[in-house]
Amino acid sequence: MVLVKRLVLDVLKPHQPNALEFSQAIAKAGGDYRVCTTVLEVDENTETLQVVVEGDAINFDAVQSGISDLGGSLHSIDEVEVQGEPQAG
Amino acid sequence: MNLLEQTRFLLRITRTHDIMRRYFVVNGFDGALTMLGLIIGFLVSGATGLSVIINVCLGAAIALGVSGVSSAYVSEVAERKRALGKLEDAMITDLRDSAHGEAARGVPLLIALVNGFAPLAISLLILIPLMAANAGFVLPVSPLYAAVAIALLLIFLLGVFLGSIAGVSWLRSGIQTLLVAILTAALIYLFAGY
């Protein structure tokens, strides 16, 4: 099994909810997720964010669902850190 | 997220807190002034049965409530749809299943309920003395004058509420709205009763 430890995502979102609420919603997708969000660009109706998610076993689908539930759109996965688990026996 | 938190969240992302507050005050003021006008109209008209007065006022209160709900719902659905469409254009994505889509469906209903509830609730509060007297309770003053006093008090409180929102003197704001009510009463005394 391969565990996802870190993701760097490029996300477009409306101004509301703000970056804090947005990050909190992503963090809620997993019990131990640490989320670091940087606003890269602000347009009239949207913001471009770099979202860094760290955790022991990140569920990508849950993160993506958290983003789209708040009206965000995942543009790209810019960095990934995964770790393979040694096979038992 | 519980229902209250969810409601607050949807109002926040659509930035409709202030719209709802404005609707509450505007239509609440409408309800209070309409009841004040009706009751003063009955006062200048001379003796009329309490049940007739209550029925007329209740009819007006219900009409104000239904009018408030329906008019706000129709206009807010259009406004929210337009705002969602604009956001979808900017995002180049379908937002129907997102919180913004949910807000576009739920917020108009919430605003409509507030818009209808405000005049209905304020009218019913004003009618309490009339209903109490009609139910056999003995009041220290005439029920019509008691209803007028409650109407003036509620109009003053709406002014106080507006003052607290604007961050200006609550007393000054309350007196301003009270003066509008007194002017209304004066106009009714001037032009009615013939």
# chains A, B, ... in the order shown; residues from 1 in each chain; ligands from 1
$ select_by_dssp --residues "chain A" --states "alpha helix (DSSP H)" --output "ChimeraX atom specification"
/A:19-27,60-69
$ write_last_selection --atoms "C-alpha atoms" --output "PDB file, in the first residue's frame"
ATOM      1  CA  ALA A  19      -8.915  31.113   2.589  1.00  0.00           C
ATOM      2  CA  LEU A  20      -9.232  30.278   6.287  1.00  0.00           C
ATOM      3  CA  GLU A  21     -12.651  28.607   5.969  1.00  0.00           C
ATOM      4  CA  PHE A  22     -11.495  26.892   2.807  1.00  0.00           C
ATOM      5  CA  SER A  23      -8.388  25.475   4.510  1.00  0.00           C
ATOM      6  CA  GLN A  24     -10.433  24.385   7.541  1.00  0.00           C
ATOM      7  CA  ALA A  25     -12.846  22.501   5.282  1.00  0.00           C
ATOM      8  CA  ILE A  26      -9.960  20.677   3.586  1.00  0.00           C
ATOM      9  CA  ALA A  27      -8.383  19.869   6.958  1.00  0.00           C
ATOM     10  CA  PHE A  60      -7.110  12.610  -2.239  1.00  0.00           C
ATOM     11  CA  ASP A  61     -10.765  12.053  -3.169  1.00  0.00           C
ATOM     12  CA  ALA A  62     -11.910  13.513   0.163  1.00  0.00           C
ATOM     13  CA  VAL A  63      -9.645  16.547  -0.312  1.00  0.00           C
ATOM     14  CA  GLN A  64     -10.923  17.077  -3.860  1.00  0.00           C
ATOM     15  CA  SER A  65     -14.502  16.707  -2.685  1.00  0.00           C
ATOM     16  CA  GLY A  66     -13.874  19.279   0.090  1.00  0.00           C
ATOM     17  CA  ILE A  67     -12.552  21.720  -2.505  1.00  0.00           C
ATOM     18  CA  SER A  68     -15.461  21.284  -4.930  1.00  0.00           C
ATOM     19  CA  ASP A  69     -18.074  21.392  -2.144  1.00  0.00           C
TER      20      ASP A  69
END
$ closest_atom_pairs --of "chain B" --to "chain A" --cutoff "9 Å" --atoms "only C-alpha atoms" --output "tab-separated table"
residue	atom	partner	partner_atom	distance
B:Phe9	CA	A:Pro17	CA	8.2
B:Arg12	CA	A:Pro17	CA	7.6
B:Ile13	CA	A:Gln16	CA	4.8
B:Thr14	CA	A:Gln16	CA	7.5
B:Arg15	CA	A:Gln16	CA	8.6
B:Lys86	CA	A:Asn45	CA	8.5
B:Leu87	CA	A:Asn45	CA	6.7
B:Ala90	CA	A:Asn45	CA	6.4
B:Met91	CA	A:Thr46	CA	7.1
B:Thr93	CA	A:Ser73	CA	7.7
B:Asp94	CA	A:Gly71	CA	8.8
B:Leu95	CA	A:Gly71	CA	6.0
B:Arg96	CA	A:Gly71	CA	8.9
B:Asp97	CA	A:Asp69	CA	6.9
B:Ser98	CA	A:Asp69	CA	4.4
B:Ala99	CA	A:Leu70	CA	5.2
B:His100	CA	A:Gly71	CA	6.3
B:Gly101	CA	A:Gly71	CA	8.4
$ atom_distance --atom1 "atom CA of B:Leu178" --atom2 "atom CA of B:Phe156"
5.2 Å
$ atom_distance --atom1 "atom CA of B:Leu38" --atom2 "atom CA of B:Ala151"
11.2 Å
$ closest_residue --among "B:Ile39, B:Ile182, B:Val69, B:Ala104" --to "B:Arg82" --atoms "only C-alpha atoms"
B:Ala104
$ atom_distance --atom1 "atom CA of B:Gly159" --atom2 "atom CA of B:Thr177"
5.3 Å
$ select_by_dssp --residues "chain A" --states "strand (DSSP E or B)" --output "PyMOL selection string"
chain A and resi 2-14+34-42+46-54+73-84
$ residues_around --residues "B:Leu144" --least-positions-apart "2" --cutoff "9 Å" --atoms "only C-alpha atoms" --output "VMD selection string"
chain B and resid 39 to 40 42 to 43 50 127 129 to 130 141 to 142 146 to 149
$ write_last_selection --atoms "N, CA and C atoms" --output "PDB file, in the first residue's frame"
ATOM      1  N   ILE B  39     -55.372  51.206  13.116  1.00  0.00           N
ATOM      2  CA  ILE B  39     -55.949  51.400  14.461  1.00  0.00           C
ATOM      3  C   ILE B  39     -56.351  52.865  14.664  1.00  0.00           C
ATOM      4  N   ILE B  40     -55.500  53.787  14.195  1.00  0.00           N
ATOM      5  CA  ILE B  40     -55.879  55.206  14.315  1.00  0.00           C
ATOM      6  C   ILE B  40     -57.112  55.488  13.433  1.00  0.00           C
ATOM      7  N   PHE B  42     -59.506  53.439  12.891  1.00  0.00           N
ATOM      8  CA  PHE B  42     -60.665  52.984  13.681  1.00  0.00           C
ATOM      9  C   PHE B  42     -60.968  53.950  14.820  1.00  0.00           C
ATOM     10  N   LEU B  43     -59.905  54.516  15.417  1.00  0.00           N
ATOM     11  CA  LEU B  43     -60.100  55.457  16.532  1.00  0.00           C
ATOM     12  C   LEU B  43     -60.869  56.705  16.064  1.00  0.00           C
ATOM     13  N   LEU B  50     -64.742  45.300  18.533  1.00  0.00           N
ATOM     14  CA  LEU B  50     -63.360  44.835  18.614  1.00  0.00           C
ATOM     15  C   LEU B  50     -63.071  43.708  17.625  1.00  0.00           C
ATOM     16  N   LEU B 127     -51.345  43.751  17.937  1.00  0.00           N
ATOM     17  CA  LEU B 127     -52.757  43.361  18.117  1.00  0.00           C
ATOM     18  C   LEU B 127     -53.027  42.667  19.456  1.00  0.00           C
ATOM     19  N   PRO B 129     -53.140  43.670  22.639  1.00  0.00           N
ATOM     20  CA  PRO B 129     -54.166  44.261  23.535  1.00  0.00           C
ATOM     21  C   PRO B 129     -55.588  44.056  23.022  1.00  0.00           C
ATOM     22  N   LEU B 130     -55.754  44.149  21.695  1.00  0.00           N
ATOM     23  CA  LEU B 130     -57.093  43.981  21.121  1.00  0.00           C
ATOM     24  C   LEU B 130     -57.590  42.546  21.327  1.00  0.00           C
ATOM     25  N   VAL B 141     -56.107  50.478  30.207  1.00  0.00           N
ATOM     26  CA  VAL B 141     -56.409  51.534  29.221  1.00  0.00           C
ATOM     27  C   VAL B 141     -57.211  50.909  28.073  1.00  0.00           C
ATOM     28  N   SER B 142     -57.733  51.784  27.224  1.00  0.00           N
ATOM     29  CA  SER B 142     -58.477  51.285  26.057  1.00  0.00           C
ATOM     30  C   SER B 142     -57.551  50.413  25.213  1.00  0.00           C
ATOM     31  N   ALA B 146     -53.754  51.128  23.800  1.00  0.00           N
ATOM     32  CA  ALA B 146     -52.644  50.230  24.184  1.00  0.00           C
ATOM     33  C   ALA B 146     -51.942  49.708  22.929  1.00  0.00           C
ATOM     34  N   ALA B 147     -52.738  49.381  21.898  1.00  0.00           N
ATOM     35  CA  ALA B 147     -52.155  48.894  20.638  1.00  0.00           C
ATOM     36  C   ALA B 147     -51.319  49.989  19.974  1.00  0.00           C
ATOM     37  N   VAL B 148     -51.827  51.229  20.030  1.00  0.00           N
ATOM     38  CA  VAL B 148     -51.070  52.357  19.462  1.00  0.00           C
ATOM     39  C   VAL B 148     -49.742  52.509  20.215  1.00  0.00           C
ATOM     40  N   ALA B 149     -49.801  52.389  21.540  1.00  0.00           N
ATOM     41  CA  ALA B 149     -48.577  52.520  22.356  1.00  0.00           C
ATOM     42  C   ALA B 149     -47.565  51.433  21.993  1.00  0.00           C
TER      43      ALA B 149
END
$ residues_around --residues "B:Trp170" --least-positions-apart "3" --cutoff "10 Å" --atoms "only C-alpha atoms" --output "number ranges by chain"
B: 156-167, 173-176
$ write_last_selection --atoms "C-alpha atoms" --output "mmCIF file, in the first residue's frame"
data_model
loop_
_atom_site.group_PDB
_atom_site.id
_atom_site.type_symbol
_atom_site.label_atom_id
_atom_site.label_comp_id
_atom_site.auth_asym_id
_atom_site.auth_seq_id
_atom_site.Cartn_x
_atom_site.Cartn_y
_atom_site.Cartn_z
ATOM 1 C CA PHE B 156 -38.915 53.172 18.344
ATOM 2 C CA LEU B 157 -37.140 49.817 18.893
ATOM 3 C CA LEU B 158 -36.692 49.357 15.125
ATOM 4 C CA GLY B 159 -35.014 52.759 15.113
ATOM 5 C CA VAL B 160 -32.818 51.706 18.039
ATOM 6 C CA PHE B 161 -31.868 48.557 16.095
ATOM 7 C CA LEU B 162 -30.974 50.663 13.027
ATOM 8 C CA GLY B 163 -28.934 52.997 15.234
ATOM 9 C CA SER B 164 -26.969 50.085 16.658
ATOM 10 C CA ILE B 165 -26.237 48.793 13.119
ATOM 11 C CA ALA B 166 -25.079 52.205 11.915
ATOM 12 C CA GLY B 167 -23.067 52.779 15.105
ATOM 13 C CA SER B 173 -32.208 56.889 15.698
ATOM 14 C CA GLY B 174 -35.147 55.647 17.790
ATOM 15 C CA ILE B 175 -36.591 59.146 18.050
ATOM 16 C CA GLN B 176 -36.225 59.614 14.275
#
